[in-house]
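File shown: final-v9.json (JSON, C-alpha atoms and all ligand atoms).
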```json
[["chain", "number", "residue", "atom", "x", "y", "z"],
["U", 1, "MET", "CA", -14.19, 104.33, -8.10],
["U", 2, "ALA", "CA", -12.58, 100.99, -7.25],
["U", 3, "VAL", "CA", -9.60, 100.98, -4.89],
["U", 4, "ARG", "CA", -6.73, 98.54, -4.99],
["U", 5, "PRO", "CA", -5.05, 96.99, -1.96],
["U", 6, "LEU", "CA", -1.76, 98.72, -1.07],
["U", 7, "ASP", "CA", -0.33, 96.41, 1.55],
["U", 8, "SER", "CA", -1.48, 94.00, 4.21],
["U", 9, "ARG", "CA", -0.48, 95.63, 7.49],
["U", 10, "LEU", "CA", -4.13, 95.73, 8.64],
["U", 11, "ASP", "CA", -5.03, 92.25, 7.38],
["U", 12, "GLY", "CA", -7.65, 90.68, 9.60],
["U", 13, "ARG", "CA", -8.43, 93.94, 11.43],
["U", 14, "ARG", "CA", -12.06, 95.05, 11.68],
["U", 15, "ALA", "CA", -12.83, 98.77, 11.58],
["U", 16, "VAL", "CA", -15.87, 100.96, 12.06],
["U", 17, "VAL", "CA", -15.89, 104.39, 10.42],
["U", 18, "THR", "CA", -18.70, 106.89, 11.10],
["U", 19, "GLY", "CA", -19.71, 109.36, 8.42],
["U", 20, "THR", "CA", -18.49, 107.37, 5.41],
["U", 21, "ARG", "CA", -20.78, 108.97, 2.85],
["U", 22, "SER", "CA", -18.24, 111.54, 1.73],
["U", 23, "GLY", "CA", -15.13, 113.53, 2.48],
["U", 24, "ILE", "CA", -12.73, 112.42, 5.18],
["U", 25, "GLY", "CA", -14.80, 109.43, 6.34],
["U", 26, "ARG", "CA", -14.98, 107.95, 2.86],
["U", 27, "ALA", "CA", -11.23, 108.48, 2.44],
["U", 28, "TRP", "CA", -10.62, 106.73, 5.79],
["U", 29, "ALA", "CA", -12.79, 103.78, 4.78],
["U", 30, "LEU", "CA", -11.01, 103.34, 1.44],
["U", 31, "ARG", "CA", -7.56, 103.67, 3.00],
["U", 32, "LEU", "CA", -8.29, 101.14, 5.75],
["U", 33, "MET", "CA", -9.50, 98.73, 3.08],
["U", 34, "ALA", "CA", -6.37, 99.36, 0.99],
["U", 35, "GLU", "CA", -4.26, 98.31, 3.98],
["U", 36, "GLY", "CA", -6.26, 95.12, 4.49],
["U", 37, "ALA", "CA", -8.94, 95.94, 7.08],
["U", 38, "SER", "CA", -12.62, 95.07, 6.85],
["U", 39, "VAL", "CA", -14.68, 98.24, 7.13],
["U", 40, "TRP", "CA", -18.10, 98.75, 8.71],
["U", 41, "CYS", "CA", -19.35, 101.95, 7.03],
["U", 42, "VAL", "CA", -21.97, 103.85, 9.00],
["U", 43, "ASP", "CA", -23.76, 107.05, 8.07],
["U", 44, "ILE", "CA", -27.08, 108.80, 8.50],
["U", 45, "ARG", "CA", -27.34, 108.82, 4.68],
["U", 46, "ASP", "CA", -27.75, 105.14, 3.88],
["U", 47, "GLU", "CA", -27.44, 105.11, 0.11],
["U", 48, "LEU", "CA", -24.11, 106.90, -0.01],
["U", 49, "ALA", "CA", -22.58, 104.80, 2.76],
["U", 50, "GLU", "CA", -23.63, 101.84, 0.61],
["U", 51, "GLN", "CA", -21.71, 103.34, -2.32],
["U", 52, "THR", "CA", -18.58, 103.53, -0.18],
["U", 53, "ALA", "CA", -19.03, 99.91, 0.93],
["U", 54, "ALA", "CA", -19.63, 98.89, -2.70],
["U", 55, "ALA", "CA", -16.40, 100.63, -3.80],
["U", 56, "ILE", "CA", -14.51, 98.64, -1.17],
["U", 57, "GLY", "CA", -16.13, 95.41, -2.37],
["U", 58, "GLU", "CA", -15.23, 96.21, -5.99],
["U", 59, "GLY", "CA", -11.62, 96.63, -4.91],
["U", 60, "GLY", "CA", -11.60, 93.16, -3.36],
["U", 61, "GLY", "CA", -12.12, 94.30, 0.23],
["U", 62, "ARG", "CA", -14.75, 93.42, 2.79],
["U", 63, "ALA", "CA", -17.25, 96.08, 3.87],
["U", 64, "GLN", "CA", -20.77, 96.52, 5.12],
["U", 65, "ALA", "CA", -22.92, 99.67, 5.18],
["U", 66, "MET", "CA", -25.29, 100.36, 8.06],
["U", 67, "HIS", "CA", -27.56, 103.23, 9.01],
["U", 68, "CYS", "CA", -26.52, 105.18, 12.09],
["U", 69, "ASP", "CA", -27.36, 108.56, 13.60],
["U", 70, "VAL", "CA", -24.37, 109.25, 15.83],
["U", 71, "GLY", "CA", -26.48, 111.59, 17.97],
["U", 72, "ASP", "CA", -28.82, 108.75, 18.93],
["U", 73, "GLU", "CA", -27.43, 106.42, 21.59],
["U", 74, "SER", "CA", -29.41, 103.33, 20.65],
["U", 75, "SER", "CA", -28.55, 103.81, 16.96],
["U", 76, "VAL", "CA", -24.82, 104.04, 17.80],
["U", 77, "ALA", "CA", -24.90, 101.01, 20.10],
["U", 78, "GLU", "CA", -26.58, 98.93, 17.41],
["U", 79, "ALA", "CA", -24.31, 100.10, 14.59],
["U", 80, "VAL", "CA", -21.00, 99.54, 16.37],
["U", 81, "GLY", "CA", -22.13, 96.09, 17.49],
["U", 82, "GLY", "CA", -22.47, 95.14, 13.82],
["U", 83, "PRO", "CA", -18.83, 94.25, 13.11],
["U", 84, "VAL", "CA", -18.61, 92.36, 16.40],
["U", 85, "ASP", "CA", -21.68, 90.28, 15.60],
["U", 86, "THR", "CA", -20.70, 89.72, 11.96],
["U", 87, "TRP", "CA", -16.89, 89.59, 12.01],
["U", 88, "GLY", "CA", -16.25, 88.54, 15.60],
["U", 89, "ALA", "CA", -14.56, 91.63, 17.08],
["U", 90, "LEU", "CA", -13.64, 95.28, 16.60],
["U", 91, "ASP", "CA", -10.05, 96.56, 16.28],
["U", 92, "ILE", "CA", -10.23, 100.10, 14.84],
["U", 93, "VAL", "CA", -12.61, 103.04, 15.29],
["U", 94, "VAL", "CA", -12.74, 106.29, 13.31],
["U", 95, "ALA", "CA", -15.25, 108.67, 14.96],
["U", 96, "ASN", "CA", -15.47, 110.98, 11.99],
["U", 97, "ALA", "CA", -19.14, 111.88, 11.43],
["U", 98, "GLY", "CA", -19.73, 115.57, 11.78],
["U", 99, "THR", "CA", -21.74, 118.50, 10.57],
["U", 100, "ALA", "CA", -21.52, 122.27, 10.41],
["U", 101, "ILE", "CA", -23.58, 125.33, 9.60],
["U", 102, "PRO", "CA", -21.57, 127.26, 7.00],
["U", 103, "ARG", "CA", -22.83, 130.67, 8.08],
["U", 104, "LEU", "CA", -21.55, 133.68, 10.02],
["U", 105, "VAL", "CA", -21.91, 133.17, 13.76],
["U", 106, "HIS", "CA", -24.94, 135.47, 14.14],
["U", 107, "GLU", "CA", -26.97, 133.66, 11.50],
["U", 108, "PRO", "CA", -27.77, 130.13, 12.80],
["U", 109, "SER", "CA", -30.73, 129.58, 15.10],
["U", 110, "LEU", "CA", -30.21, 128.09, 18.56],
["U", 111, "GLN", "CA", -31.96, 124.99, 17.23],
["U", 112, "GLY", "CA", -29.40, 124.72, 14.44],
["U", 113, "TRP", "CA", -26.51, 125.13, 16.90],
["U", 114, "GLU", "CA", -27.97, 122.43, 19.15],
["U", 115, "MET", "CA", -28.11, 120.10, 16.13],
["U", 116, "VAL", "CA", -24.37, 120.65, 15.57],
["U", 117, "LEU", "CA", -23.65, 119.88, 19.23],
["U", 118, "ARG", "CA", -25.77, 116.72, 19.03],
["U", 119, "VAL", "CA", -23.76, 115.40, 16.06],
["U", 120, "ASN", "CA", -20.22, 116.65, 16.72],
["U", 121, "PRO", "CA", -19.27, 116.38, 20.42],
["U", 122, "THR", "CA", -22.15, 114.13, 21.45],
["U", 123, "GLY", "CA", -21.74, 111.87, 18.41],
["U", 124, "VAL", "CA", -18.02, 111.40, 19.11],
["U", 125, "PHE", "CA", -18.76, 110.76, 22.80],
["U", 126, "LEU", "CA", -21.40, 108.14, 22.00],
["U", 127, "THR", "CA", -19.18, 106.47, 19.40],
["U", 128, "CYS", "CA", -16.32, 106.22, 21.92],
["U", 129, "LYS", "CA", -18.66, 105.13, 24.73],
["U", 130, "HIS", "CA", -20.07, 102.24, 22.73],
["U", 131, "THR", "CA", -16.93, 101.12, 20.90],
["U", 132, "THR", "CA", -14.51, 101.18, 23.83],
["U", 133, "PRO", "CA", -15.96, 98.05, 25.52],
["U", 134, "HIS", "CA", -15.50, 96.17, 22.23],
["U", 135, "LEU", "CA", -11.92, 97.45, 21.86],
["U", 136, "LEU", "CA", -11.11, 96.44, 25.44],
["U", 137, "GLU", "CA", -12.51, 93.00, 24.73],
["U", 138, "THR", "CA", -10.29, 92.74, 21.64],
["U", 139, "GLY", "CA", -7.32, 93.97, 23.66],
["U", 140, "VAL", "CA", -6.54, 97.02, 21.53],
["U", 141, "GLY", "CA", -8.32, 99.75, 23.49],
["U", 142, "PRO", "CA", -7.10, 102.12, 26.20],
["U", 143, "SER", "CA", -5.64, 100.43, 29.27],
["L", 1, "LIG", "N1", -13.07, 119.17, 5.93],
["L", 1, "LIG", "C1", -12.42, 119.91, 6.81],
["L", 1, "LIG", "O1", -11.67, 120.85, 6.49],
["L", 1, "LIG", "C2", -12.52, 119.62, 8.31],
["L", 1, "LIG", "C3", -11.73, 120.32, 9.19],
["L", 1, "LIG", "C4", -11.80, 120.04, 10.55],
["L", 1, "LIG", "C5", -12.67, 119.05, 11.00],
["L", 1, "LIG", "N2", -13.44, 118.39, 10.12],
["L", 1, "LIG", "C6", -14.32, 117.37, 10.66],
["L", 1, "LIG", "O2", -14.05, 116.12, 10.04],
["L", 1, "LIG", "C7", -15.26, 115.39, 9.89],
["L", 1, "LIG", "C8", -15.51, 115.06, 8.44],
["L", 1, "LIG", "O3", -15.49, 116.25, 7.67],
["L", 1, "LIG", "P1", -15.83, 116.23, 6.11],
["L", 1, "LIG", "O4", -15.28, 117.48, 5.54],
["L", 1, "LIG", "O5", -15.42, 114.91, 5.52],
["L", 1, "LIG", "O6", -17.43, 116.38, 6.15],
["L", 1, "LIG", "P2", -18.55, 115.74, 5.21],
["L", 1, "LIG", "O7", -19.76, 116.61, 5.39],
["L", 1, "LIG", "O8", -18.06, 115.48, 3.83],
["L", 1, "LIG", "O9", -18.79, 114.34, 5.89],
["L", 1, "LIG", "C9", -19.45, 114.24, 7.13],
["L", 1, "LIG", "C10", -20.11, 112.86, 7.16],
["L", 1, "LIG", "O10", -20.81, 112.73, 8.40],
["L", 1, "LIG", "C11", -22.12, 112.23, 8.09],
["L", 1, "LIG", "N3", -23.04, 112.61, 9.14],
["L", 1, "LIG", "C12", -23.54, 113.86, 9.42],
["L", 1, "LIG", "N4", -24.40, 113.79, 10.45],
["L", 1, "LIG", "C13", -24.42, 112.49, 10.86],
["L", 1, "LIG", "C14", -25.10, 111.80, 11.89],
["L", 1, "LIG", "N5", -25.95, 112.42, 12.71],
["L", 1, "LIG", "N6", -24.88, 110.47, 12.02],
["L", 1, "LIG", "C15", -24.04, 109.81, 11.18],
["L", 1, "LIG", "N7", -23.37, 110.41, 10.19],
["L", 1, "LIG", "C16", -23.57, 111.74, 10.03],
["L", 1, "LIG", "C17", -22.46, 112.84, 6.74],
["L", 1, "LIG", "O11", -23.51, 112.16, 6.09],
["L", 1, "LIG", "C18", -21.13, 112.68, 6.03],
["L", 1, "LIG", "O12", -20.94, 111.39, 5.50],
["L", 1, "LIG", "C19", -16.37, 116.25, 10.49],
["L", 1, "LIG", "O13", -16.54, 115.86, 11.85],
["L", 1, "LIG", "C20", -15.79, 117.65, 10.38],
["L", 1, "LIG", "O14", -16.39, 118.52, 11.34],
["L", 1, "LIG", "C21", -13.39, 118.64, 8.79]]
```
Give the structure from this file in structure tokens form.
Amino acid sequence: MAVRPLDSRLDGRRAVVTGTRSGIGRAWALRLMAEGASVWCVDIRDELAEQTAAAIGEGGGRAQAMHCDVGDESSVAEAVGGPVDTWGALDIVVANAGTAIPRLVHEPSLQGWEMVLRVNPTGVFLTCKHTTPHLLETGVGPS
């Protein structure tokens, strides 16, 4: 599905969105593009992040897909450095990637629960840890 630009209030801004394969992350990526931002789409599922980036390109926007496991620190550091290396800086971060075990609480194994913790809180922590220095450098991060 191609998206059309809505307005230009984010023109020139460079965003990274984690978990852009589907759902909320894909919607974020398309909306940021529609408002003028370039979007670095990262996901553990490469081919579907590429589809999101392709949809942005078809709509006239600028996007790049990149593999990233948000629970892996070196993977996160490399992925969030991508827009800085390619587009010069980072302005916007959406730490969206997440997972869940859609079962009653007594059903998942401890191993399954630890996988959720690795992706959800740890993934958000690592995304913030490795994007904040870039945001501070751009001058849009926390002060
Ligand atoms: N949908 C809801 O009602 C709801 C409600 C509250 C919170 N959330 C949270 O919002 C976020 C998005 O939810 P959604 O419904 O769009 O889910 P979704 O499953 O459609 O999308 C999650 C995305 O994260 C990616 N992902 C999973 N593990 C990853 C990893 N290790 N590294 C990188 N990417 C990974 C998936 O491939 C997918 O693209 C999640 O963090 C979810 O917990 C969703």
Hey, which bits of chain U sit within 7 Å of ligand LIG 1 (chain L), and for each residue what's the closest pair of atoms and how far apart in Å (one decimal), counting only C-alpha atoms and all ligand atoms, rows by chain and increasing number, as a tab-separated table?
```
residue	atom	partner	partner_atom	distance
U:Thr18	CA	L:LIG1	N7	5.9
U:Gly19	CA	L:LIG1	O10	3.5
U:Thr20	CA	L:LIG1	O12	4.7
U:Arg21	CA	L:LIG1	O12	3.6
U:Ser22	CA	L:LIG1	O8	4.5
U:Gly23	CA	L:LIG1	O5	3.4
U:Ile24	CA	L:LIG1	O5	3.7
U:Gly25	CA	L:LIG1	O5	5.6
U:Val42	CA	L:LIG1	C15	6.7
U:Asp43	CA	L:LIG1	N7	4.0
U:Ile44	CA	L:LIG1	C15	4.2
U:Arg45	CA	L:LIG1	O11	5.3
U:Cys68	CA	L:LIG1	C15	5.3
U:Asp69	CA	L:LIG1	N6	3.5
U:Val70	CA	L:LIG1	N6	4.0
U:Gly71	CA	L:LIG1	N5	5.4
U:Asn96	CA	L:LIG1	C7	4.9
U:Ala97	CA	L:LIG1	O10	3.6
U:Gly98	CA	L:LIG1	O13	3.2
U:Thr99	CA	L:LIG1	C12	5.1
U:Ala100	CA	L:LIG1	O14	6.4
U:Val119	CA	L:LIG1	N5	5.0
U:Asn120	CA	L:LIG1	O13	6.2
```
Please compute the CA of Ser38 in chain U-CA of Ser75 in chain U distance, one decimal, in Å.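 That distance, rounded to one decimal, is 20.8 Å.
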Pick from U:Leu48, U:Asp91, U:Gln64, U:Asp85: nearest to Gly12 in chain U, with all atoms listed in the file counted?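 Distance minimum relative to Gly12 in chain U lands on U:Asp91.
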Could you tell me how far CA of Arg9 in chain U sits from CA of Val124 in chain U, in Å to one decimal place? 26.3 Å
Go through U:Val39, U:Ala89, U:Ala65, U:Val94 one by one, measure the shortest atom-to-atom distance of each to Gln51 in chain U using only C-alpha atoms, and give the residue with the smallest value.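 Ranked by minimum distance to Gln51 in chain U, first place goes to U:Ala65.
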Work out where the centre of an axis-aligned box around every listed atom of range 58-76 of chain U lies and how long its edges are once 6 Å is added on each side; give both in Å to one decimal as JSON.
```
{"center_x": -20.5, "center_y": 102.4, "center_z": 7.8, "size_x": 29.8, "size_y": 30.4, "size_z": 39.6}
```
